[in-house]
Structures are given as structure tokens and as C-alpha cells.
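Okay, my_file_8.tsv is below, TSV, C-alpha atoms and all ligand atoms:
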```
chain	number	residue	atom	x	y	z
A	154	MET	CA	0.00	0.00	0.00
A	155	THR	CA	1.62	3.24	-1.07
A	156	ALA	CA	1.02	6.55	0.65
A	157	ARG	CA	-0.85	7.95	-2.33
A	158	PHE	CA	-3.47	5.20	-2.10
A	159	ARG	CA	-4.25	5.70	1.57
A	160	VAL	CA	-7.40	7.76	1.12
A	161	ALA	CA	-8.74	5.39	-1.52
A	162	SER	CA	-8.28	2.29	0.59
A	163	LEU	CA	-10.16	3.84	3.47
A	164	LEU	CA	-12.98	4.67	1.10
A	165	VAL	CA	-13.20	1.19	-0.35
A	166	GLY	CA	-13.50	-0.27	3.10
A	167	ALA	CA	-16.53	1.91	3.62
A	168	ALA	CA	-17.86	0.98	0.20
A	169	LEU	CA	-17.56	-2.74	0.83
A	170	ALA	CA	-19.43	-2.33	4.06
A	171	ALA	CA	-22.08	-0.16	2.44
A	172	CYS	CA	-22.74	-2.41	-0.53
A	173	GLY	CA	-23.29	-5.51	1.55
A	174	GLY	CA	-25.20	-8.19	-0.25
A	175	GLY	CA	-25.47	-6.37	-3.57
A	176	GLY	CA	-28.83	-5.77	-5.17
A	177	GLY	CA	-31.32	-7.09	-7.70
A	178	GLY	CA	-30.82	-9.44	-10.59
A	179	ASP	CA	-29.32	-6.77	-12.81
A	180	VAL	CA	-26.27	-6.21	-10.68
A	181	ILE	CA	-23.04	-6.97	-12.50
A	182	THR	CA	-20.84	-8.74	-10.04
A	183	GLN	CA	-18.35	-11.36	-11.01
A	184	PRO	CA	-15.04	-12.75	-9.84
A	185	ASN	CA	-11.77	-11.12	-10.76
A	186	ILE	CA	-10.84	-13.91	-13.15
A	187	PRO	CA	-12.80	-13.37	-16.37
A	188	THR	CA	-13.76	-16.17	-18.72
A	189	THR	CA	-11.95	-14.55	-21.62
A	190	PRO	CA	-8.88	-12.77	-20.31
A	191	VAL	CA	-6.98	-10.48	-22.68
A	192	SER	CA	-3.93	-12.63	-22.17
A	193	PRO	CA	-3.94	-15.26	-19.45
A	194	ASP	CA	-0.16	-15.47	-19.48
A	195	THR	CA	0.41	-11.86	-18.49
A	196	ILE	CA	0.04	-9.89	-15.29
A	197	PRO	CA	-3.01	-7.59	-15.35
A	198	LEU	CA	-2.11	-4.02	-16.23
A	199	ARG	CA	-3.84	-2.82	-13.07
A	200	THR	CA	-1.57	-4.97	-10.91
A	201	LEU	CA	1.53	-3.48	-12.49
A	202	ALA	CA	0.10	0.02	-12.13
A	203	GLU	CA	-0.90	-0.51	-8.49
A	204	ARG	CA	2.67	-1.61	-7.69
A	205	ARG	CA	3.79	1.79	-8.98
A	206	GLY	CA	1.18	3.62	-6.89
A	207	LEU	CA	-1.01	4.35	-9.88
A	208	HIS	CA	-4.67	3.58	-10.49
A	209	LEU	CA	-5.42	2.73	-14.09
A	210	GLY	CA	-9.09	3.29	-14.89
A	211	ALA	CA	-11.52	2.93	-17.77
A	212	ALA	CA	-14.87	4.53	-18.60
A	213	ALA	CA	-17.85	2.19	-18.75
A	214	ASP	CA	-21.62	2.24	-18.47
A	215	GLN	CA	-23.90	-0.43	-17.05
A	216	ARG	CA	-25.41	-0.91	-20.50
A	217	PRO	CA	-22.96	0.63	-22.94
A	218	GLY	CA	-24.73	2.08	-25.96
A	219	TYR	CA	-22.34	0.50	-28.45
A	220	SER	CA	-23.89	-2.05	-30.78
A	221	GLY	CA	-22.96	-5.71	-30.51
A	222	MET	CA	-21.63	-5.66	-26.95
A	223	ASP	CA	-20.23	-8.92	-25.61
A	224	MET	CA	-20.91	-8.02	-21.99
A	225	THR	CA	-19.08	-10.99	-20.49
A	226	ARG	CA	-15.91	-10.15	-22.36
A	227	PHE	CA	-16.34	-6.43	-21.71
A	228	ARG	CA	-16.77	-6.77	-17.96
A	229	GLY	CA	-14.08	-9.43	-17.75
A	230	VAL	CA	-11.46	-7.26	-19.40
A	231	LEU	CA	-12.63	-4.16	-17.51
A	232	SER	CA	-12.17	-5.80	-14.11
A	233	ARG	CA	-9.01	-7.71	-15.05
A	234	GLU	CA	-7.01	-4.83	-16.48
A	235	PHE	CA	-8.36	-1.76	-14.67
A	236	SER	CA	-8.47	-0.74	-11.01
A	237	ALA	CA	-10.72	2.28	-11.44
A	238	LEU	CA	-13.99	2.97	-13.22
A	239	THR	CA	-15.69	6.16	-14.39
A	240	PRO	CA	-19.29	5.91	-15.55
A	241	GLU	CA	-19.12	7.10	-19.15
A	242	ASN	CA	-22.69	8.45	-18.97
A	243	ASP	CA	-24.52	6.79	-16.07
A	244	MET	CA	-23.86	9.53	-13.48
A	245	LYS	CA	-24.70	12.49	-15.71
A	246	HIS	CA	-27.61	14.78	-14.85
A	247	GLU	CA	-29.98	13.50	-17.55
A	248	ARG	CA	-29.50	9.91	-16.37
A	249	LEU	CA	-29.72	10.53	-12.62
A	250	GLN	CA	-32.57	13.07	-12.56
A	251	PRO	CA	-34.64	12.46	-15.73
A	252	SER	CA	-37.66	14.23	-14.21
A	253	ARG	CA	-37.63	16.96	-11.61
A	254	GLY	CA	-37.05	15.44	-8.18
A	255	VAL	CA	-37.06	11.88	-9.57
A	256	PHE	CA	-33.65	10.32	-9.11
A	257	ARG	CA	-32.82	7.07	-10.92
A	258	TYR	CA	-29.81	5.36	-9.42
A	259	GLU	CA	-30.21	1.76	-10.62
A	260	ASN	CA	-27.55	1.72	-13.34
A	261	ALA	CA	-25.05	3.84	-11.47
A	262	ASP	CA	-25.53	1.71	-8.35
A	263	SER	CA	-24.90	-1.46	-10.36
A	264	LEU	CA	-21.66	-0.01	-11.66
A	265	VAL	CA	-20.54	0.90	-8.15
A	266	THR	CA	-21.42	-2.59	-6.90
A	267	PHE	CA	-19.43	-4.11	-9.77
A	268	ALA	CA	-16.48	-1.86	-8.94
A	269	VAL	CA	-16.55	-2.75	-5.26
A	270	ALA	CA	-16.81	-6.47	-6.03
A	271	ASN	CA	-13.72	-6.15	-8.20
A	272	ASN	CA	-11.78	-3.85	-5.87
A	273	MET	CA	-11.95	-0.93	-8.28
A	274	ARG	CA	-12.20	2.75	-7.31
A	275	VAL	CA	-14.97	4.87	-8.83
A	276	ARG	CA	-14.67	8.44	-10.09
A	277	GLY	CA	-18.06	10.14	-10.10
A	278	HIS	CA	-18.69	12.00	-13.37
A	279	THR	CA	-20.16	14.62	-13.42
A	280	LEU	CA	-22.31	16.86	-11.21
A	281	VAL	CA	-22.47	20.19	-13.03
A	282	TRP	CA	-21.90	20.44	-16.77
A	283	HIS	CA	-23.45	22.30	-19.69
A	284	ARG	CA	-24.14	19.04	-21.58
A	285	GLN	CA	-26.27	15.95	-20.94
A	286	ILE	CA	-28.55	17.75	-18.53
A	287	ALA	CA	-32.20	16.72	-18.50
A	288	GLY	CA	-34.64	18.33	-20.93
A	289	TRP	CA	-37.04	19.35	-18.15
A	290	LEU	CA	-34.24	21.52	-16.76
A	291	THR	CA	-33.02	23.14	-19.97
A	292	SER	CA	-36.51	23.75	-21.33
A	293	GLY	CA	-37.86	25.32	-18.14
A	294	SER	CA	-37.68	29.03	-17.42
A	295	TRP	CA	-36.06	29.55	-14.06
A	296	THR	CA	-35.06	32.56	-12.05
A	297	ALA	CA	-31.56	32.74	-10.62
A	298	ALA	CA	-32.90	31.82	-7.19
A	299	GLU	CA	-34.71	28.78	-8.60
A	300	THR	CA	-31.61	27.75	-10.53
A	301	ARG	CA	-29.55	27.93	-7.35
A	302	THR	CA	-32.04	25.62	-5.65
A	303	LEU	CA	-32.04	23.19	-8.60
A	304	LEU	CA	-28.24	23.05	-8.52
A	305	GLN	CA	-28.20	22.48	-4.78
A	306	ASP	CA	-30.90	19.80	-4.97
A	307	HIS	CA	-29.08	17.85	-7.67
A	308	VAL	CA	-25.62	18.03	-6.12
A	309	THR	CA	-26.87	17.29	-2.62
A	310	ASN	CA	-29.07	14.36	-3.58
A	311	VAL	CA	-26.46	12.71	-5.81
A	312	VAL	CA	-23.44	13.22	-3.58
A	313	THR	CA	-25.39	12.07	-0.54
A	314	HIS	CA	-26.54	8.95	-2.38
A	315	PHE	CA	-22.96	7.90	-3.13
A	316	ARG	CA	-21.42	9.18	0.10
A	317	GLY	CA	-18.49	7.05	1.23
A	318	LYS	CA	-18.46	4.98	-1.98
A	319	LEU	CA	-16.50	7.09	-4.45
A	320	LEU	CA	-12.88	8.13	-4.72
A	321	ALA	CA	-13.64	11.45	-6.38
A	322	TRP	CA	-16.28	13.59	-8.07
A	323	ASP	CA	-15.86	15.69	-11.17
A	324	VAL	CA	-17.87	18.45	-9.53
A	325	VAL	CA	-17.70	20.93	-12.38
A	326	ASN	CA	-16.94	19.85	-15.94
A	327	GLU	CA	-15.78	22.03	-18.84
A	328	ALA	CA	-16.55	25.50	-17.48
A	329	LEU	CA	-14.06	27.25	-19.77
A	330	ASN	CA	-13.72	28.16	-23.42
A	331	ASP	CA	-10.47	27.49	-25.24
A	332	ASP	CA	-9.47	31.17	-24.92
A	333	GLY	CA	-9.86	30.94	-21.15
A	334	SER	CA	-13.12	32.86	-20.91
A	335	MET	CA	-16.14	31.42	-19.13
A	336	ARG	CA	-18.15	29.04	-21.28
A	337	PRO	CA	-21.80	29.92	-21.69
A	338	GLY	CA	-24.35	27.26	-20.77
A	339	PHE	CA	-27.35	26.49	-18.60
A	340	TRP	CA	-25.72	27.18	-15.24
A	341	TYR	CA	-23.42	30.04	-16.23
A	342	ASP	CA	-26.13	31.88	-18.15
A	343	ARG	CA	-28.33	32.05	-15.07
A	344	LEU	CA	-25.85	32.25	-12.21
A	345	GLY	CA	-22.61	33.58	-13.64
A	346	ARG	CA	-19.38	32.13	-12.27
A	347	GLU	CA	-20.96	31.72	-8.82
A	348	TYR	CA	-22.30	28.34	-9.92
A	349	ILE	CA	-18.84	26.81	-9.70
A	350	GLU	CA	-18.31	27.77	-6.09
A	351	LEU	CA	-21.84	26.67	-5.15
A	352	ALA	CA	-21.32	23.25	-6.71
A	353	PHE	CA	-18.12	22.61	-4.74
A	354	ARG	CA	-19.58	23.83	-1.46
A	355	HIS	CA	-22.73	21.70	-1.79
A	356	ALA	CA	-20.67	18.65	-2.75
A	357	ARG	CA	-18.46	19.00	0.29
A	358	ALA	CA	-21.44	19.51	2.57
A	359	ALA	CA	-22.90	16.20	1.33
A	360	ASP	CA	-19.71	14.09	1.60
A	361	PRO	CA	-16.87	15.18	3.87
A	362	ASP	CA	-14.28	12.81	2.38
A	363	VAL	CA	-14.74	12.39	-1.38
A	364	LEU	CA	-12.12	14.21	-3.46
A	365	LEU	CA	-13.60	17.15	-5.36
A	366	PHE	CA	-12.25	17.86	-8.87
A	367	TYR	CA	-12.50	20.45	-11.57
A	368	ASN	CA	-12.32	18.59	-14.92
A	369	ASP	CA	-11.73	19.93	-18.44
A	370	TYR	CA	-10.10	19.28	-21.82
A	371	ASN	CA	-7.42	21.29	-23.58
A	372	ILE	CA	-5.94	22.16	-20.19
A	373	GLU	CA	-3.30	19.40	-20.30
A	374	GLY	CA	-0.53	21.73	-21.47
A	375	ILE	CA	0.21	25.33	-20.63
A	376	GLY	CA	-1.93	27.80	-22.57
A	377	PRO	CA	-4.75	30.32	-22.16
A	378	LYS	CA	-7.30	27.73	-21.06
A	379	SER	CA	-5.12	26.04	-18.45
A	380	ASP	CA	-3.89	29.46	-17.29
A	381	SER	CA	-7.51	30.39	-16.70
A	382	ALA	CA	-8.20	27.12	-14.84
A	383	TYR	CA	-5.16	27.80	-12.69
A	384	VAL	CA	-6.29	31.33	-11.79
A	385	MET	CA	-9.85	30.12	-11.18
A	386	ILE	CA	-8.76	27.35	-8.81
A	387	ARG	CA	-6.32	29.60	-6.96
A	388	ASP	CA	-9.16	32.07	-6.48
A	389	LEU	CA	-11.48	29.33	-5.18
A	390	GLN	CA	-8.78	28.24	-2.73
A	391	THR	CA	-8.21	31.79	-1.54
A	392	ARG	CA	-11.89	32.07	-0.71
A	393	GLY	CA	-11.99	28.75	1.13
A	394	VAL	CA	-13.96	26.81	-1.50
A	395	PRO	CA	-13.26	23.07	-1.09
A	396	ILE	CA	-11.40	21.68	-4.12
A	397	ASN	CA	-8.95	18.78	-4.06
A	398	GLY	CA	-7.93	18.11	-7.60
A	399	ILE	CA	-7.75	18.91	-11.27
A	400	GLY	CA	-8.83	16.46	-13.94
A	401	LEU	CA	-6.98	16.70	-17.23
A	402	GLN	CA	-9.26	14.89	-19.66
A	403	GLY	CA	-6.61	14.01	-22.23
A	404	HIS	CA	-8.58	13.60	-25.47
A	405	PHE	CA	-5.58	13.84	-27.76
A	406	GLN	CA	-4.80	13.39	-31.42
A	407	VAL	CA	-1.85	11.14	-32.15
A	408	GLY	CA	1.28	13.27	-31.88
A	409	GLY	CA	-0.71	15.87	-29.96
A	410	VAL	CA	0.37	15.32	-26.36
A	411	PRO	CA	1.53	18.78	-25.26
A	412	SER	CA	5.22	19.06	-24.43
A	413	SER	CA	4.31	21.24	-21.44
A	414	LEU	CA	2.26	18.49	-19.72
A	415	ALA	CA	4.86	18.02	-16.97
A	416	ALA	CA	5.29	21.76	-16.40
A	417	ASN	CA	1.52	22.13	-16.21
A	418	ILE	CA	1.14	19.28	-13.69
A	419	THR	CA	3.94	20.87	-11.69
A	420	ARG	CA	2.05	24.12	-11.23
A	421	PHE	CA	-1.27	22.49	-10.34
A	422	ALA	CA	0.44	20.12	-7.89
A	423	ALA	CA	2.11	23.17	-6.32
A	424	LEU	CA	-1.39	24.42	-5.45
A	425	GLY	CA	-1.72	21.31	-3.30
A	426	LEU	CA	-4.02	19.61	-5.81
A	427	LYS	CA	-4.21	16.01	-6.88
A	428	VAL	CA	-3.95	15.56	-10.63
A	429	HIS	CA	-5.88	12.85	-12.46
A	430	ILE	CA	-5.73	12.11	-16.17
A	431	THR	CA	-9.45	11.47	-16.42
A	432	GLU	CA	-10.47	10.63	-20.01
A	433	LEU	CA	-7.37	9.64	-21.92
A	434	ASP	CA	-7.72	8.58	-25.53
A	435	ILE	CA	-5.39	9.22	-28.45
A	436	ARG	CA	-7.19	9.18	-31.77
A	437	MET	CA	-5.86	8.85	-35.29
A	438	PRO	CA	-7.31	9.00	-38.79
A	439	THR	CA	-8.77	5.61	-39.71
A	440	PRO	CA	-7.87	3.12	-40.97
A	441	ALA	CA	-4.93	3.12	-38.60
A	442	THR	CA	-1.42	2.57	-39.92
A	443	ALA	CA	1.35	0.67	-38.14
A	444	ALA	CA	3.38	3.87	-37.90
A	445	GLN	CA	0.54	5.74	-36.21
A	446	LEU	CA	-0.17	2.88	-33.82
A	447	GLN	CA	3.49	3.02	-32.81
A	448	GLN	CA	3.36	6.78	-32.37
A	449	GLN	CA	0.21	6.34	-30.30
A	450	ALA	CA	2.04	3.82	-28.11
A	451	ASP	CA	4.83	6.34	-27.54
A	452	ASN	CA	2.25	8.99	-26.68
A	453	TYR	CA	0.44	6.76	-24.17
A	454	ARG	CA	3.76	5.85	-22.59
A	455	SER	CA	4.80	9.48	-22.24
A	456	VAL	CA	1.50	10.50	-20.60
A	457	VAL	CA	1.62	7.68	-18.04
A	458	GLU	CA	5.34	8.14	-17.45
A	459	THR	CA	4.80	11.85	-16.80
A	460	CYS	CA	1.98	11.14	-14.35
A	461	LEU	CA	4.11	8.54	-12.55
A	462	SER	CA	6.81	11.13	-11.98
A	463	PHE	CA	4.48	13.19	-9.74
A	464	PRO	CA	3.29	11.95	-6.33
A	465	ALA	CA	0.21	14.14	-6.89
A	466	CYS	CA	-0.74	12.24	-10.05
A	467	ASP	CA	-2.01	8.83	-8.98
A	468	LEU	CA	-4.71	7.97	-11.53
A	469	VAL	CA	-4.92	7.65	-15.29
A	470	THR	CA	-8.28	6.66	-16.80
A	471	VAL	CA	-8.79	5.75	-20.45
A	472	TRP	CA	-12.10	6.69	-22.04
A	473	GLY	CA	-13.30	3.18	-22.90
A	474	VAL	CA	-12.15	-0.41	-22.68
A	475	SER	CA	-11.52	-1.14	-26.36
A	476	ASP	CA	-11.82	0.65	-29.69
A	477	HIS	CA	-15.26	-0.93	-29.94
A	478	GLU	CA	-16.42	1.10	-26.92
A	479	SER	CA	-15.04	4.49	-27.87
A	480	TRP	CA	-16.95	7.72	-28.37
A	481	VAL	CA	-14.36	8.85	-30.93
A	482	PRO	CA	-15.63	7.44	-34.27
A	483	SER	CA	-19.15	8.80	-33.77
A	484	THR	CA	-17.91	12.16	-32.51
A	485	PHE	CA	-14.91	12.89	-34.74
A	486	ALA	CA	-15.75	11.67	-38.25
A	487	GLY	CA	-12.86	9.81	-39.85
A	488	TRP	CA	-11.01	9.32	-36.55
A	489	GLY	CA	-10.78	6.32	-34.26
A	490	ALA	CA	-8.48	3.59	-32.92
A	491	ALA	CA	-7.97	5.73	-29.83
A	492	LEU	CA	-7.68	3.16	-27.02
A	493	LEU	CA	-5.37	0.40	-25.75
A	494	LEU	CA	-7.20	-2.60	-27.23
A	495	ASP	CA	-8.52	-2.86	-30.77
A	496	ALA	CA	-12.18	-3.46	-31.57
A	497	GLN	CA	-11.59	-7.24	-31.29
A	498	TYR	CA	-9.94	-6.75	-27.87
A	499	ALA	CA	-6.45	-7.56	-29.18
A	500	LYS	CA	-3.63	-5.69	-27.47
A	501	LYS	CA	-2.36	-2.74	-29.46
A	502	PRO	CA	1.21	-1.40	-29.30
A	503	ALA	CA	-0.12	1.15	-26.79
A	504	PHE	CA	-1.18	-1.61	-24.39
A	505	THR	CA	2.22	-3.27	-24.68
A	506	ALA	CA	3.99	0.07	-24.20
A	507	LEU	CA	2.16	0.64	-20.91
A	508	TYR	CA	2.80	-2.95	-19.86
A	509	ASN	CA	6.52	-2.56	-20.46
A	510	LEU	CA	6.61	0.86	-18.79
A	511	LEU	CA	4.86	-0.34	-15.65
A	512	LYS	CA	6.40	-3.76	-15.19
B	601	LIG	C1	-19.02	11.42	-23.82
B	601	LIG	C2	-19.42	9.94	-23.86
B	601	LIG	O1	-18.26	9.18	-24.09
B	601	LIG	C3	-20.44	9.70	-24.93
B	601	LIG	O2	-20.93	8.37	-24.85
B	601	LIG	C4	-21.59	10.68	-24.81
B	601	LIG	O3	-22.48	10.52	-25.91
B	601	LIG	C5	-21.10	12.10	-24.77
B	601	LIG	O4	-20.17	12.24	-23.72
B	601	LIG	N1	-15.88	15.01	-22.03
B	601	LIG	C6	-16.53	14.45	-20.97
B	601	LIG	C7	-17.25	13.17	-21.15
B	601	LIG	O5	-16.44	14.95	-19.85
B	601	LIG	O6	-18.38	13.08	-20.32
B	601	LIG	C8	-17.66	12.96	-22.58
B	601	LIG	O7	-18.21	11.64	-22.69
B	601	LIG	C9	-16.48	13.15	-23.49
B	601	LIG	C10	-15.94	14.53	-23.39
```
Let me see the structure of the file written as C-alpha cells.
Ligand code: XIL
Amino acid sequence: MTARFRVASLLVGAALAACGGGGGGDVITQPNIPTTPVSPDTIPLRTLAERRGLHLGAAADQRPGYSGMDMTRFRGVLSREFSALTPENDMKHERLQPSRGVFRYENADSLVTFAVANNMRVRGHTLVWHRQIAGWLTSGSWTAAETRTLLQDHVTNVVTHFRGKLLAWDVVNEALNDDGSMRPGFWYDRLGREYIELAFRHARAADPDVLLFYNDYNIEGIGPKSDSAYVMIRDLQTRGVPINGIGLQGHFQVGGVPSSLAANITRFAALGLKVHITELDIRMPTPATAAQLQQQADNYRSVVETCLSFPACDLVTVWGVSDHESWVPSTFAGWGAALLLDAQYAKKPAFTALYNLLK
């Protein structure tokens, strides 16, 4: 047990106690040994990472929306290779509160139960964001006072529900534009930048121990957007707003890992923050070439190696288990092959690069 895992191990003890006998028939629990391991002859990637004091996570939903899912293989590889889990969509506003005051926790609870059964940490994602919020909320007309209440109700109900079970929450997601200005959206348009502070304060009031993160993309290297995140977080700290970490999403193009990643982590760590790489994927034009797969492997290695070099950086999560379960092809036309396993679950050079780095 390394020092950087201490908080997490305390939390999982609480989670194991809280989850008890599991739940209904839909709960996905299974032993650590899957029926179709990626490679039975090798040590799981998560084991190698844990020995280095690093959690290696993957995004997953209870019922992933990707066609042709082989759920046994998916869950087997997820629990064999990864020690952390982020719900890809199952903890977003539209899923958890589809009607006003009606909270639906079944799928998210099943994921948490699965994680606990497989000794995986869970990152909650995400409480306050401008996307994937329920239609009843965005289509209503609310005063600022009503919006403040709606924000408090959502954050308080959700964080209380999962109290003691999660490693971290992405409390506020993607609040900034690429030029560093505040991004417009449902919460900002009605409350101004106050919504950020409110979200963190309500989250802390509902769970005294979970780590509270600000999460964004294009803040991995030094630039106007990460400068703005830095100033924003320093300001929150100065005013006593509870914030424990910064999530660098890490949705990169091959060859696009910023050279200032280490310098950027250095300055956020100097604020006393934890740093998580929260949504790593490295996409390339498809069909992939051998040269690009090799460059991708080098890029994955450099991101994980950089994180390993900081005590503050103790978690790297990839945004999907295999190229079959990746948001990239449907979001960035002509791009794909962004993850560690290919769409048939075969190890890519990137998987091997991480294996060799960590072992
Ligand atoms: C993405 C999911 O992967 C998709 O399934 C969904 O349709 C849209 O959202 N930044 C985030 C994540 O914080 O929540 C997003 O996830 C990817 C970008």
C-alpha cells in the first residue's frame, strides 16, 4: 500500500461495508478472473500500475450504448485490467434526474457494486456540466434563485446517495472556453461564475471525504485555457472553497500530447491539488497505420510516465475499454483507434507500451 493510495483504501473499506449483499438481478458482479482474459499469461495491467502507486481506470456504463456488446468479455477485461472505473454516462444529470425530483440510481448503483466487487475505485462524473442535462431543466424558465435551488438539490441528492463509496467527483466539468473565458451554458447563463463555487460547497457539505475535482479538456498543457483554470482554482482556494484536484481529460490526437504536460502538472500540484488524467484517448485517422499505432504507443507511454513522476498524479483513466467502446468514431468523423485494445480486444502497441513501462 503506497502513501498515495491511503485515502482510496479507506474509502473502499466503507464501500464494501455499504454495498453488503449487492442488489437485484441486474447487478453486474463477477469474480476477478474473467472467462476470456486479454492474455492469461500476463500480469493484469492494473496490478503493475498498483505496484507503482497508480490507479489505471476505464470509462464504462452499465449498459454501454455501443452495438454488438459482448458483456461478459467487456466486464471481464474491464475488471481484469483496470483498477478504477468512471461511468461514461450513467452519473450524468440526464440519467440521474430524468424528471424533476425523480432520481434514478439503478444503473449507477450497479456499476458501483461491480467496482466494489472487483476492488476498483470509482470516479463520479459529473455533477455540473453544460451538456447531458435533463430536458425538463433546460426547457424550463427559471429565475436565478430557482436555478440555485435546482443546482443544490441535484448536487446534494447525488453526492449524498454515493457518500463514502466514491474516490472522487468531477464536480464541475468544462466550465471554460479554449481562450480561457467562461463558457456559456445552462448554469453560467443564469448564475454567472458563482455556480462553480456553489457546486463545490454543496458537494463537500454532502460528503466530507470524497475528493472534489474540476475537470476539463485542452488544459493538459500550458496555454490560455489552463492558465484560466489555474487562476480560477487559486481564487477558489483563496476564498476557502473546497477543491482537491484537477482532472486533465486528455482527449488527444496522435502526436498531440503537449510538451508542457509536466510543467503544467507541476504548477497544479504546487497548489496542493491532486492531478488525475481522467479521459485519456489518443485518436488517429482511420484506418490506422502501423506507424501511427506506434506513435500512439509512444504517446500513451509518455503521458503515463509523466503522471508517474508526480506523487500528486495517482490515476490515469482511459475513455473506454476497447476501440469498440469508444466515443471517438461517432464524434470525430474519420477518426478512431484511440484506445489500448482494438475493436476485437487484441492488445495494441499502446497496451504493450504501458505494460513494459509499468512492469
Ligand atoms: C461522452 C461519452 O463518451 C459519450 O458516450 C456521450 O455521448 C457524450 O459524452 N468530455 C466528458 C465526457 O467529460 O463526459 C464525454 O463523454 C467526453 C468529453
d(atom CA of A:Leu303, atom CA of A:Arg248) in Å: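 Value for the atom CA of A:Leu303-atom CA of A:Arg248 distance: 15.6 Å.
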Distance filter 9 Å around ligand LIG 601 (chain B), atoms: only C-alpha atoms and all ligand atoms, out as number ranges by chain: A: 212-214, 217-219, 240-242, 245, 278-279, 282, 284-285, 323, 326-327, 368-370, 402, 404, 431-432, 472-473, 478-481, 483-484
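Among the candidate residues A:Pro395, A:Gly288, A:Pro438, A:Gly403, the one lying nearest to A:Asn452 is A:Gly403, with distances computed using only C-alpha atoms.
Between atom CA of A:Val255 and atom CA of A:Asn310 there is a distance of 10.3 Å.
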Atom pair atom CA of A:Lys427 / atom CA of A:Ala268: separation (Å):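 Straight-line distance from atom CA of A:Lys427 to atom CA of A:Ala268 works out to 21.8 Å.
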Among the residues A:Ile196, A:Leu351, A:Met273, A:Leu249, the one that comes closest to A:Ser232 [using all atoms listed in the file]: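 Among the listed residues, A:Met273 lies closest to A:Ser232.
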Up to 8 Å from (-7.8, 1.0, -8.5) in the file's coordinates: name the residues, counting only C-alpha atoms, as a PDB file with C-alpha atoms, in the coordinates of the input.
```
ATOM      1  CA  ARG A 199      -3.840  -2.820 -13.070  1.00  0.00           C
ATOM      2  CA  GLU A 203      -0.900  -0.510  -8.490  1.00  0.00           C
ATOM      3  CA  LEU A 207      -1.010   4.350  -9.880  1.00  0.00           C
ATOM      4  CA  HIS A 208      -4.670   3.580 -10.490  1.00  0.00           C
ATOM      5  CA  LEU A 209      -5.420   2.730 -14.090  1.00  0.00           C
ATOM      6  CA  GLY A 210      -9.090   3.290 -14.890  1.00  0.00           C
ATOM      7  CA  PHE A 235      -8.360  -1.760 -14.670  1.00  0.00           C
ATOM      8  CA  SER A 236      -8.470  -0.740 -11.010  1.00  0.00           C
ATOM      9  CA  ALA A 237     -10.720   2.280 -11.440  1.00  0.00           C
ATOM     10  CA  ASN A 272     -11.780  -3.850  -5.870  1.00  0.00           C
ATOM     11  CA  MET A 273     -11.950  -0.930  -8.280  1.00  0.00           C
ATOM     12  CA  ARG A 274     -12.200   2.750  -7.310  1.00  0.00           C
TER      13      ARG A 274
END
```
10 Å contact set for A:Cys466, all atoms listed in the file, chain neighbours under 2 positions out, as a list in words: Arg157, Gly206, Leu207, His208, Gly398, Ile399, Gly400, Ile418, Thr419, Ala422, Leu426, Lys427, Val428, His429, Ile430, Val457, Thr459, Cys460, Leu461, Ser462, Phe463, Pro464, Leu468 and Val469 of chain A
So that all listed atoms of stretch 328-342 of chain A fit with 3 Å spare on each side, what axis-aligned box centre and edge lengths in Å, to one decimal, would you give as lines of an AutoDock Vina configuration file?
```
center_x = -18.4
center_y = 29.2
center_z = -20.2
size_x = 23.9
size_y = 13.4
size_z = 16.0
```
Test item: residues at most 10 Å from stretch 441-448 of chain A, all atoms listed in the file, excluding those fewer than 3 positions along its chain, as an NGL selection string: :A and (407-408 or 435-438 or 451-454 or 488-491 or 493 or 501-503 or 506)
Minimum-distance residue to A:Asn271, chosen among A:Gly229, A:Val471, A:Ala358, A:Ile372 (using all atoms listed in the file):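 Residue with the minimum atom-to-atom distance to A:Asn271: A:Gly229.
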Pick from A:Thr300, A:Gln390, A:Ser220, A:Ser379 nearest to A:Asp331, counting only C-alpha atoms: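 The answer is A:Ser379, which sits nearest to A:Asp331.
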